[in-house]
Structures are given as C-alpha cells and as structure tokens.
>>> print(open('coords.txt').read())   # compact mmCIF, C-alpha atoms and all ligand atoms
# COMPACT_ATOMS: atom_id res chain seq x y z
CA SER A 99 112.64 92.51 74.45
CA ILE A 100 108.86 92.71 74.52
CA ARG A 101 109.01 92.64 78.32
CA ASN A 102 110.95 95.93 78.38
CA THR A 103 108.25 97.68 76.38
CA PHE A 104 105.60 96.00 78.54
CA CYS A 105 104.70 98.59 81.19
CA LEU A 106 106.63 98.14 84.43
CA VAL A 107 103.49 97.67 86.54
CA CYS A 108 102.27 95.01 84.12
CA GLN A 109 105.49 93.05 84.56
CA GLY A 110 104.27 92.54 88.10
CA PRO A 111 105.51 92.83 91.69
CA PRO A 112 109.00 91.28 91.32
CA VAL A 113 110.31 94.24 89.27
CA TRP A 114 108.47 97.12 90.93
CA HIS A 115 111.35 97.88 93.34
CA LYS A 116 113.52 99.03 90.38
CA ASN A 117 111.39 102.13 89.82
CA TYR A 118 109.74 102.20 93.27
CA PRO A 119 112.40 101.40 95.90
CA VAL A 120 109.70 101.89 98.59
CA ALA A 121 108.50 98.42 97.43
CA GLN A 122 111.09 97.11 99.90
CA GLY A 123 110.06 99.58 102.64
CA ASN A 124 109.05 98.95 106.25
CA ARG A 125 105.27 99.31 105.91
CA GLN A 126 104.33 97.59 102.67
CA SER A 127 100.96 95.96 101.90
CA PRO A 128 99.33 93.51 101.69
CA ILE A 129 100.35 91.23 104.59
CA ASP A 130 99.46 87.79 105.91
CA ILE A 131 97.23 88.33 108.95
CA ILE A 132 97.72 85.68 111.67
CA PRO A 133 94.71 86.18 113.99
CA HIS A 134 96.21 84.70 117.17
CA GLN A 135 99.26 86.93 116.75
CA THR A 136 97.20 90.13 116.53
CA SER A 137 96.81 92.27 119.66
CA HIS A 138 93.26 92.90 120.84
CA ASP A 139 93.03 96.60 121.69
CA PRO A 140 90.01 97.48 123.88
CA GLY A 141 90.70 101.14 123.02
CA LEU A 142 89.83 100.38 119.38
CA GLY A 143 86.23 101.45 118.88
CA PRO A 144 83.86 100.37 116.12
CA ILE A 145 84.11 101.86 112.62
CA THR A 146 81.19 103.77 111.17
CA LEU A 147 80.46 104.01 107.43
CA ASN A 148 78.33 107.05 106.54
CA TYR A 149 77.65 106.24 102.87
CA ASP A 150 73.97 107.20 102.62
CA GLN A 151 74.71 110.50 100.82
CA CYS A 152 77.40 108.99 98.60
CA THR A 153 77.50 109.99 94.91
CA SER A 154 79.06 107.46 92.56
CA ILE A 155 80.12 108.93 89.20
CA ASN A 156 81.45 106.25 86.89
CA ILE A 157 83.03 102.83 86.51
CA THR A 158 86.33 102.54 84.66
CA ASN A 159 88.95 99.99 83.57
CA ASN A 160 92.28 101.62 84.45
CA GLY A 161 94.36 98.74 83.07
CA HIS A 162 94.99 97.30 86.54
CA SER A 163 91.49 96.88 88.01
CA VAL A 164 87.89 98.05 87.62
CA VAL A 165 87.24 101.19 89.67
CA VAL A 166 84.02 102.96 90.75
CA GLU A 167 84.76 106.62 91.48
CA PHE A 168 82.85 108.97 93.78
CA GLU A 169 82.34 112.70 94.04
CA ASP A 170 84.19 113.87 97.14
CA PRO A 171 83.64 117.67 97.36
CA ASP A 172 82.55 117.41 101.03
CA ASP A 173 82.17 114.84 103.80
CA ARG A 174 79.06 113.31 102.21
CA SER A 175 80.46 109.77 102.40
CA VAL A 176 83.03 109.00 105.07
CA ILE A 177 84.49 106.27 107.21
CA LEU A 178 85.15 107.21 110.85
CA GLY A 179 86.04 105.73 114.22
CA GLY A 180 88.16 102.65 114.81
CA PRO A 181 91.85 103.60 114.44
CA LEU A 182 91.03 106.86 112.64
CA ASP A 183 91.51 110.30 114.24
CA ASN A 184 89.50 112.06 111.54
CA PRO A 185 86.71 111.20 109.10
CA TYR A 186 88.16 109.94 105.78
CA ARG A 187 86.29 110.68 102.53
CA LEU A 188 85.33 107.86 100.09
CA LYS A 189 87.15 108.38 96.78
CA GLN A 190 86.81 105.07 94.91
CA PHE A 191 86.48 101.33 95.27
CA HIS A 192 87.98 98.54 93.18
CA PHE A 193 88.66 94.82 93.26
CA HIS A 194 91.55 92.31 93.04
CA TRP A 195 90.96 88.74 91.85
CA GLY A 196 92.71 85.57 90.66
CA GLY A 197 92.60 83.31 87.61
CA LYS A 198 90.34 80.27 87.01
CA GLY A 199 90.31 78.19 90.20
CA CYS A 200 93.10 80.17 91.86
CA HIS A 201 92.49 82.74 94.55
CA GLY A 202 93.04 86.46 94.20
CA SER A 203 92.81 88.32 97.49
CA GLU A 204 95.77 90.52 98.50
CA HIS A 205 95.65 90.08 102.27
CA THR A 206 95.73 86.47 103.45
CA VAL A 207 94.59 85.04 106.81
CA SER A 208 96.96 82.43 108.28
CA GLY A 209 98.26 81.87 104.76
CA ASN A 210 94.81 81.36 103.26
CA SER A 211 93.64 83.60 100.44
CA TYR A 212 90.09 84.36 99.33
CA ALA A 213 88.76 84.43 95.77
CA SER A 214 88.84 88.24 95.62
CA GLU A 215 89.24 91.39 97.72
CA LEU A 216 87.31 94.68 97.56
CA HIS A 217 89.11 97.92 98.51
CA LEU A 218 87.19 101.06 99.49
CA VAL A 219 89.71 103.90 99.28
CA HIS A 220 89.23 106.97 101.54
CA TRP A 221 91.39 110.08 102.12
CA ASN A 222 91.98 112.44 105.05
CA ALA A 223 90.39 115.68 103.80
CA VAL A 224 90.65 117.28 107.26
CA LYS A 225 94.46 117.40 107.14
CA TYR A 226 95.13 117.43 103.35
CA LYS A 227 93.76 119.53 100.50
CA THR A 228 93.73 116.88 97.75
CA PHE A 229 93.73 113.10 97.39
CA GLY A 230 97.15 113.32 95.72
CA GLU A 231 98.63 115.14 98.72
CA ALA A 232 97.01 112.71 101.16
CA ALA A 233 98.27 109.72 99.14
CA THR A 234 101.88 110.62 100.08
CA ALA A 235 101.23 111.30 103.80
CA PRO A 236 101.67 108.61 106.50
CA ASP A 237 98.07 109.16 107.75
CA GLY A 238 96.67 110.26 104.41
CA LEU A 239 94.57 107.27 103.33
CA ALA A 240 92.30 104.69 104.92
CA VAL A 241 91.44 101.62 102.85
CA LEU A 242 88.66 99.26 103.96
CA GLY A 243 89.41 95.73 102.73
CA ILE A 244 86.59 93.20 102.33
CA PHE A 245 87.20 89.56 101.38
CA LEU A 246 85.01 87.88 98.75
CA GLU A 247 84.49 84.13 99.33
CA THR A 248 82.81 81.92 96.71
CA GLY A 249 79.46 80.35 97.49
CA ASP A 250 75.96 81.60 96.65
CA ASP A 251 75.25 84.50 94.29
CA HIS A 252 75.57 87.99 95.81
CA ARG A 253 72.37 89.82 94.89
CA TRP A 254 73.93 93.31 94.75
CA LEU A 255 77.30 92.45 93.14
CA HIS A 256 75.29 91.86 89.93
CA MET A 257 74.98 95.66 89.66
CA ILE A 258 78.77 95.77 89.22
CA THR A 259 79.25 92.62 87.12
CA ASP A 260 76.36 93.59 84.77
CA ALA A 261 78.25 96.80 83.92
CA LEU A 262 81.64 95.20 83.22
CA TYR A 263 80.95 94.50 79.54
CA MET A 264 80.90 98.32 79.09
CA VAL A 265 84.50 98.67 80.38
CA LYS A 266 86.14 95.59 78.82
CA PHE A 267 89.13 97.50 77.48
CA LYS A 268 91.81 99.45 79.40
CA GLY A 269 90.93 103.14 79.38
CA SER A 270 87.16 102.63 78.97
CA VAL A 271 84.73 104.37 81.32
CA THR A 272 80.96 104.53 81.61
CA ASP A 273 78.42 106.30 83.83
CA PHE A 274 77.69 104.52 87.10
CA LYS A 275 75.38 106.65 89.24
CA ALA A 276 73.55 106.10 92.51
CA PHE A 277 75.47 103.03 93.61
CA ASN A 278 75.84 102.76 97.38
CA PRO A 279 78.66 100.35 98.35
CA LYS A 280 76.95 99.75 101.71
CA CYS A 281 75.23 96.85 99.91
CA LEU A 282 78.64 95.14 99.59
CA LEU A 283 79.34 95.01 103.36
CA PRO A 284 79.18 91.83 105.46
CA SER A 285 76.95 91.73 108.56
CA SER A 286 79.83 92.23 111.02
CA LEU A 287 82.21 95.22 110.96
CA HIS A 288 84.79 93.51 113.22
CA TYR A 289 88.22 94.20 111.75
CA TRP A 290 92.00 93.98 111.90
CA THR A 291 93.99 97.21 111.42
CA TYR A 292 97.65 98.00 110.71
CA LEU A 293 99.81 100.67 109.04
CA GLY A 294 100.62 99.84 105.41
CA SER A 295 100.80 101.05 101.84
CA LEU A 296 99.17 101.17 98.44
CA THR A 297 99.44 97.66 96.97
CA THR A 298 100.24 98.87 93.45
CA PRO A 299 102.75 101.49 92.28
CA PRO A 300 103.50 104.12 93.51
CA LEU A 301 103.20 101.91 96.67
CA HIS A 302 103.11 105.01 98.93
CA GLU A 303 103.29 104.11 102.66
CA SER A 304 100.24 106.23 103.38
CA VAL A 305 97.48 103.74 104.21
CA ILE A 306 95.78 102.92 107.49
CA TRP A 307 94.41 99.47 106.57
CA ILE A 308 91.12 98.26 108.05
CA VAL A 309 90.42 94.66 106.94
CA LEU A 310 87.03 93.19 107.84
CA LYS A 311 87.14 89.72 109.40
CA GLU A 312 83.87 88.51 107.82
CA PRO A 313 83.92 87.93 104.03
CA ILE A 314 80.96 88.56 101.76
CA ILE A 315 79.75 85.56 99.74
CA VAL A 316 79.69 85.80 95.94
CA SER A 317 79.36 83.09 93.28
CA GLU A 318 82.26 81.70 91.24
CA LYS A 319 80.30 82.82 88.15
CA GLN A 320 80.24 86.39 89.44
CA VAL A 321 84.02 86.35 90.06
CA HIS A 322 84.47 84.86 86.58
CA VAL A 323 82.76 87.90 85.03
CA PHE A 324 85.66 90.06 86.29
CA ARG A 325 87.98 87.93 84.13
CA MET A 326 86.26 89.13 80.96
CA LEU A 327 87.99 92.48 81.54
CA LEU A 328 91.25 93.08 79.67
CA PHE A 329 94.56 94.60 80.78
CA THR A 330 94.91 95.81 77.18
CA GLY A 331 93.31 98.65 75.29
CA GLU A 332 90.90 98.40 72.33
CA GLU A 333 93.62 99.57 69.89
CA GLU A 334 96.17 96.91 70.96
CA ASP A 335 96.57 93.74 68.86
CA GLU A 336 97.20 91.43 71.80
CA ARG A 337 94.28 90.86 74.18
CA ILE A 338 95.45 90.03 77.71
CA ARG A 339 92.75 88.90 80.16
CA MET A 340 92.64 90.89 83.42
CA GLU A 341 93.24 88.35 86.18
CA ASN A 342 95.65 87.71 89.09
CA ASN A 343 95.85 91.49 89.66
CA PHE A 344 96.90 91.01 93.29
CA ARG A 345 100.19 91.67 95.07
CA PRO A 346 101.39 88.84 97.32
CA PRO A 347 101.86 89.40 101.09
CA GLN A 348 104.86 91.54 102.10
CA PRO A 349 107.17 91.29 105.15
CA LEU A 350 105.56 92.48 108.40
CA LYS A 351 108.89 94.11 109.54
CA GLY A 352 107.86 94.15 113.19
CA ARG A 353 104.49 95.87 112.67
CA LYS A 354 101.64 95.24 115.12
CA VAL A 355 98.29 94.14 113.74
CA ARG A 356 95.48 95.19 116.09
CA SER A 357 92.11 93.52 116.35
CA SER A 358 88.77 95.17 117.16
CA ASN A 359 86.68 93.16 119.60
N1 LIG A 401 95.08 98.55 96.11
S1 LIG A 401 95.06 99.90 96.99
O1 LIG A 401 96.18 99.84 97.92
O2 LIG A 401 93.76 100.10 97.57
C1 LIG A 401 95.39 101.25 95.94
C2 LIG A 401 96.52 101.25 95.16
C3 LIG A 401 96.81 102.32 94.32
C4 LIG A 401 95.95 103.40 94.27
O3 LIG A 401 95.98 104.55 93.55
C5 LIG A 401 94.88 105.21 93.88
N2 LIG A 401 94.59 106.42 93.31
C6 LIG A 401 93.32 106.95 93.34
O4 LIG A 401 92.40 106.37 93.86
C7 LIG A 401 93.14 108.31 92.70
C8 LIG A 401 91.86 108.81 92.59
C9 LIG A 401 91.69 110.06 92.00
C10 LIG A 401 92.77 110.81 91.52
C11 LIG A 401 94.05 110.26 91.66
C12 LIG A 401 94.24 109.02 92.22
N3 LIG A 401 94.13 104.57 94.78
C13 LIG A 401 94.81 103.40 95.05
C14 LIG A 401 94.52 102.33 95.89
ZN ZN A 402 93.37 97.58 95.94
>>> encode(input="coords.txt", output="structure tokens", more="lines below")
Ligand SMILES: NS(=O)(=O)c1ccc2oc(NC(=O)c3ccccc3)nc2c1
Ligand SMILES: [Zn+2]
Amino acid sequence: SIRNTFCLVCQGPPVWHKNYPVAQGNRQSPIDIIPHQTSHDPGLGPITLNYDQCTSINITNNGHSVVVEFEDPDDRSVILGGPLDNPYRLKQFHFHWGGKGCHGSEHTVSGNSYASELHLVHWNAVKYKTFGEAATAPDGLAVLGIFLETGDDHRWLHMITDALYMVKFKGSVTDFKAFNPKCLLPSSLHYWTYLGSLTTPPLHESVIWIVLKEPIIVSEKQVHVFRMLLFTGEEEDERIRMENNFRPPQPLKGRKVRSSN
C-alpha cells in the first residue's frame, strides 16, 4: 500500500522499532519531566555556552525538520560545564512543532507540552574524531533543549522564520551566515539533565540531554510560519505540510533526572 512506500520515518514513531529495535531501549528520548521527582544535585555546576565565535553555514529542510548547520573544525562554539566532562562542539540546531492549536514539544513537564522545542546539537570532539562516531557513543552527544511557549513575538526568531520560504521543500538549502543562537536563549540557564537518545531514527542512545527550565516566548504567528514547510520534495505530486514532527515521551526505565539549582 502507499504506506509501505511512504518512508519508514515518515510513518511515525509507532513503526520505528521495526527497523530500529533500540526504539524500545532503556535510554530513549524524549521523556516526561516531573520536577518534584527530579533529584537536585549540588555537584551539578552551571552550563556555559561559548557561541561568540560560532559560524553558521546554511539552513536546510531535511524532510523531518528545518536545520541550521555550523562549521565545527575547532572548539569555536561549545557547550561546557553542568553534567559534561568535556566541551561539546555545536554542530546544528533544529526545531520540533505541532499542528494548528496543538502543541509540539518533545519533552513534556508534568504531562504538559509546549508549542515547540529547539534542539542545539553538540558532539564530543575531545573523545571522538567525527560527529558520526560520536553519535553512536554513550557520551558522544549533548543536546540543549529549549521550550518555545506562545505569547509575544520573539524579536530574533524572525531571522529564522523570514528564511523559511527559501527552504519550503524537502532537500532545499540556502545560505544562512552569521547567526548566533545565543539570541534564542532564555534569561535563566537552570536545567534538568538525564541520559537519553536521538528522538528520530537512528535513535542512538548517545545523548546527554540538558533541558532548560525557562521557555522562550514566541508568537503563535511565528510558530505558524514553521507549518508552511513541507515534508515533501518539489518534484513530488502530493504536498504534505511539515507539522507534528515530535516524538511522544518514552518510558523512563528507572533513569534519574537531575536538576541544577
Ligand atoms: N531531535 S535530536 O535528538 O536532537 C536529533 C535527532 C537526530 C539527529 O541526527 C543528527 N545528525 C546530525 O546532526 C548530523 C550532522 C552532520 C552530519 C551527520 C549528521 N542530529 C540529530 C539530532
Ligand atoms: Zn530534535
């Protein structure tokens, strides 16, 4: 049937375990974070984001999300501290969002989801030679998750949403230079952290998750611009709107979620 030809990832989370058995593993992401059940760890220091020398390259529609990629030849833009033993290099950031009126974050907080979630993906270049190698190692990646809550316009998110018309179709890419994602951070860097995975195939259990407690505020109109993107390519007859590209929370399987102060 059409569904068989439809790519496996596009058929969504319920079928991923067929080709990626790790989907039912012991450290899958996202999760529902229950604040009063997290353990406050005084040994957990603050995180530091050294993004001032970062070099963004382009913005692309990879058929699952919209991704801004960075040059990572050295430690010019890194996240360090917190639960991390090494600096982790910024590789890319991307978003997950819902459909009209329904929420689209991946992590939830006491069962509540936000309109969208931003992921800044970093890799451990001290221990591993390439991103690909790090992506399969238990301490290979560190992803900073930031919730987007609807309210007033976000003055800097416009730089992203104004570029989305250029990458409407799957497989499209356009230059996107000199963007510093520091402008997308909330005022507080307090966070929860736990050991998890990539939230889309190949679902590698290689991510140290750092989820900020404070969301950034963006307007519903700005989130709606993300929904003009398509899952489908320019050459395909059927146009499928890119929305609800989030994986639902996965079983905690006894994991501890730690809280910074
Ligand atoms: N939603 S997620 O868990 O943050 C997540 C999920 C799946 C991912 O695949 C990649 N691959 C690269 O970035 C990459 C970048 C350059 C070369 C090869 C791969 N990053 C991911 C992040
Ligand atoms: Zn993501």
>>> residues_near_ligand(input="coords.txt", ligand="ligand ZN 402 (chain A)", cutoff="8 Å", atoms="only C-alpha atoms and all ligand atoms", output="VMD selection string")
chain A and resid 191 to 194 204 215 to 218 296 to 298 344
>>> write_last_selection(input="coords.txt", atoms="C-alpha atoms", output="compact mmCIF listing (two decimals), keeping the file's coordinate frame")
# COMPACT_ATOMS: atom_id res chain seq x y z
CA PHE A 191 86.48 101.33 95.27
CA HIS A 192 87.98 98.54 93.18
CA PHE A 193 88.66 94.82 93.26
CA HIS A 194 91.55 92.31 93.04
CA GLU A 204 95.77 90.52 98.50
CA GLU A 215 89.24 91.39 97.72
CA LEU A 216 87.31 94.68 97.56
CA HIS A 217 89.11 97.92 98.51
CA LEU A 218 87.19 101.06 99.49
CA LEU A 296 99.17 101.17 98.44
CA THR A 297 99.44 97.66 96.97
CA THR A 298 100.24 98.87 93.45
CA PHE A 344 96.90 91.01 93.29
>>> residues_near_point(input="coords.txt", point="(99.5, 99.2, 106.0)", cutoff="7 Å", atoms="only C-alpha atoms", output="list in words")
Arg125, Gln126, Ser127, Tyr292, Leu293, Gly294, Ser295, Val305, Ile306 and Trp307 of chain A
>>> closest_residue(input="coords.txt", among="A:Leu182, A:Ile132, A:Ile155, A:Ile244", to="Ser357 (chain A)", atoms="only C-alpha atoms")
A:Ile132
>>> closest_residue(input="coords.txt", among="A:Pro111, A:Pro133, A:Pro181, A:Pro347", to="Val241 (chain A)", atoms="only C-alpha atoms")
A:Pro181
>>> residues_around(input="coords.txt", residues="Pro144 (chain A)", least_positions_apart="4", cutoff="10 Å", atoms="all atoms listed in the file", output="list in words")
Leu178, Gly179, Gly180, Pro181, Leu287, His288, Tyr289, Ser358 and Asn359 of chain A
>>> closest_residue(input="coords.txt", among="A:Ile129, A:Val165, A:Ala121, A:Val207", to="Ala261 (chain A)", atoms="all atoms listed in the file")
A:Val165
>>> residues_around(input="coords.txt", residues="Arg187 (chain A)", least_positions_apart="2", cutoff="10 Å", atoms="only C-alpha atoms", output="ChimeraX atom specification")
/A:148-149,152,168-178,184-185,189-190,219-224,229,239-240
>>> axis_aligned_box(input="coords.txt", around="region 126-130 of chain A", padding_each_side="5 Å", output="AutoDock Vina command-line options")
--center_x 101.8 --center_y 92.7 --center_z 103.8 --size_x 15.0 --size_y 19.8 --size_z 14.2
>>> closest_residue(input="coords.txt", among="A:Gln122, A:Asn156, A:Ser285, A:Thr228", to="ligand LIG 401 (chain A)", atoms="only C-alpha atoms and all ligand atoms")
A:Thr228
>>> residues_near_point(input="coords.txt", point="(76.2, 88.6, 84.5)", cutoff="8 Å", atoms="all atoms listed in the file", output="MDAnalysis selection string")
chainID A and resid 256 259:260 319:320 323
>>> residues_around(input="coords.txt", residues="Lys351 (chain A)", least_positions_apart="2", cutoff="9 Å", atoms="all atoms listed in the file", output="compact mmCIF listing (two decimals) with C-alpha atoms, in the coordinates of the input")
# COMPACT_ATOMS: atom_id res chain seq x y z
CA GLY A 123 110.06 99.58 102.64
CA ASN A 124 109.05 98.95 106.25
CA ARG A 125 105.27 99.31 105.91
CA GLN A 126 104.33 97.59 102.67
CA GLN A 348 104.86 91.54 102.10
CA PRO A 349 107.17 91.29 105.15
CA ARG A 353 104.49 95.87 112.67
>>> closest_residue(input="coords.txt", among="A:Thr136, A:Asp251, A:His302, A:Lys275", to="ligand LIG 401 (chain A)", atoms="only C-alpha atoms and all ligand atoms")
A:His302
>>> atom_distance(input="coords.txt", atom1="CA of Val166 (chain A)", atom2="CA of Cys200 (chain A)")
24.6 Å
>>> atom_distance(input="coords.txt", atom1="CA of Phe267 (chain A)", atom2="CA of Glu332 (chain A)")
5.5 Å
>>> atom_distance(input="coords.txt", atom1="atom O4 of ligand LIG 401 (chain A)", atom2="CA of Asp273 (chain A)")
17.2 Å
>>> closest_residue(input="coords.txt", among="A:Thr153, A:Ser304, A:Gln109, A:Ser137", to="ligand LIG 401 (chain A)", atoms="all atoms listed in the file")
A:Ser304
>>> residues_around(input="coords.txt", residues="region 210-213 of chain A", least_positions_apart="2", cutoff="10 Å", atoms="all atoms listed in the file", output="PyMOL selection string")
chain A and resi 130-132+194-208+215+244-248+313+315-318+321+346
>>> residues_around(input="coords.txt", residues="region 325-327 of chain A", least_positions_apart="3", cutoff="7 Å", atoms="only C-alpha atoms", output="list in words")
Lys266, Phe267, His322, Arg339, Met340 and Glu341 of chain A
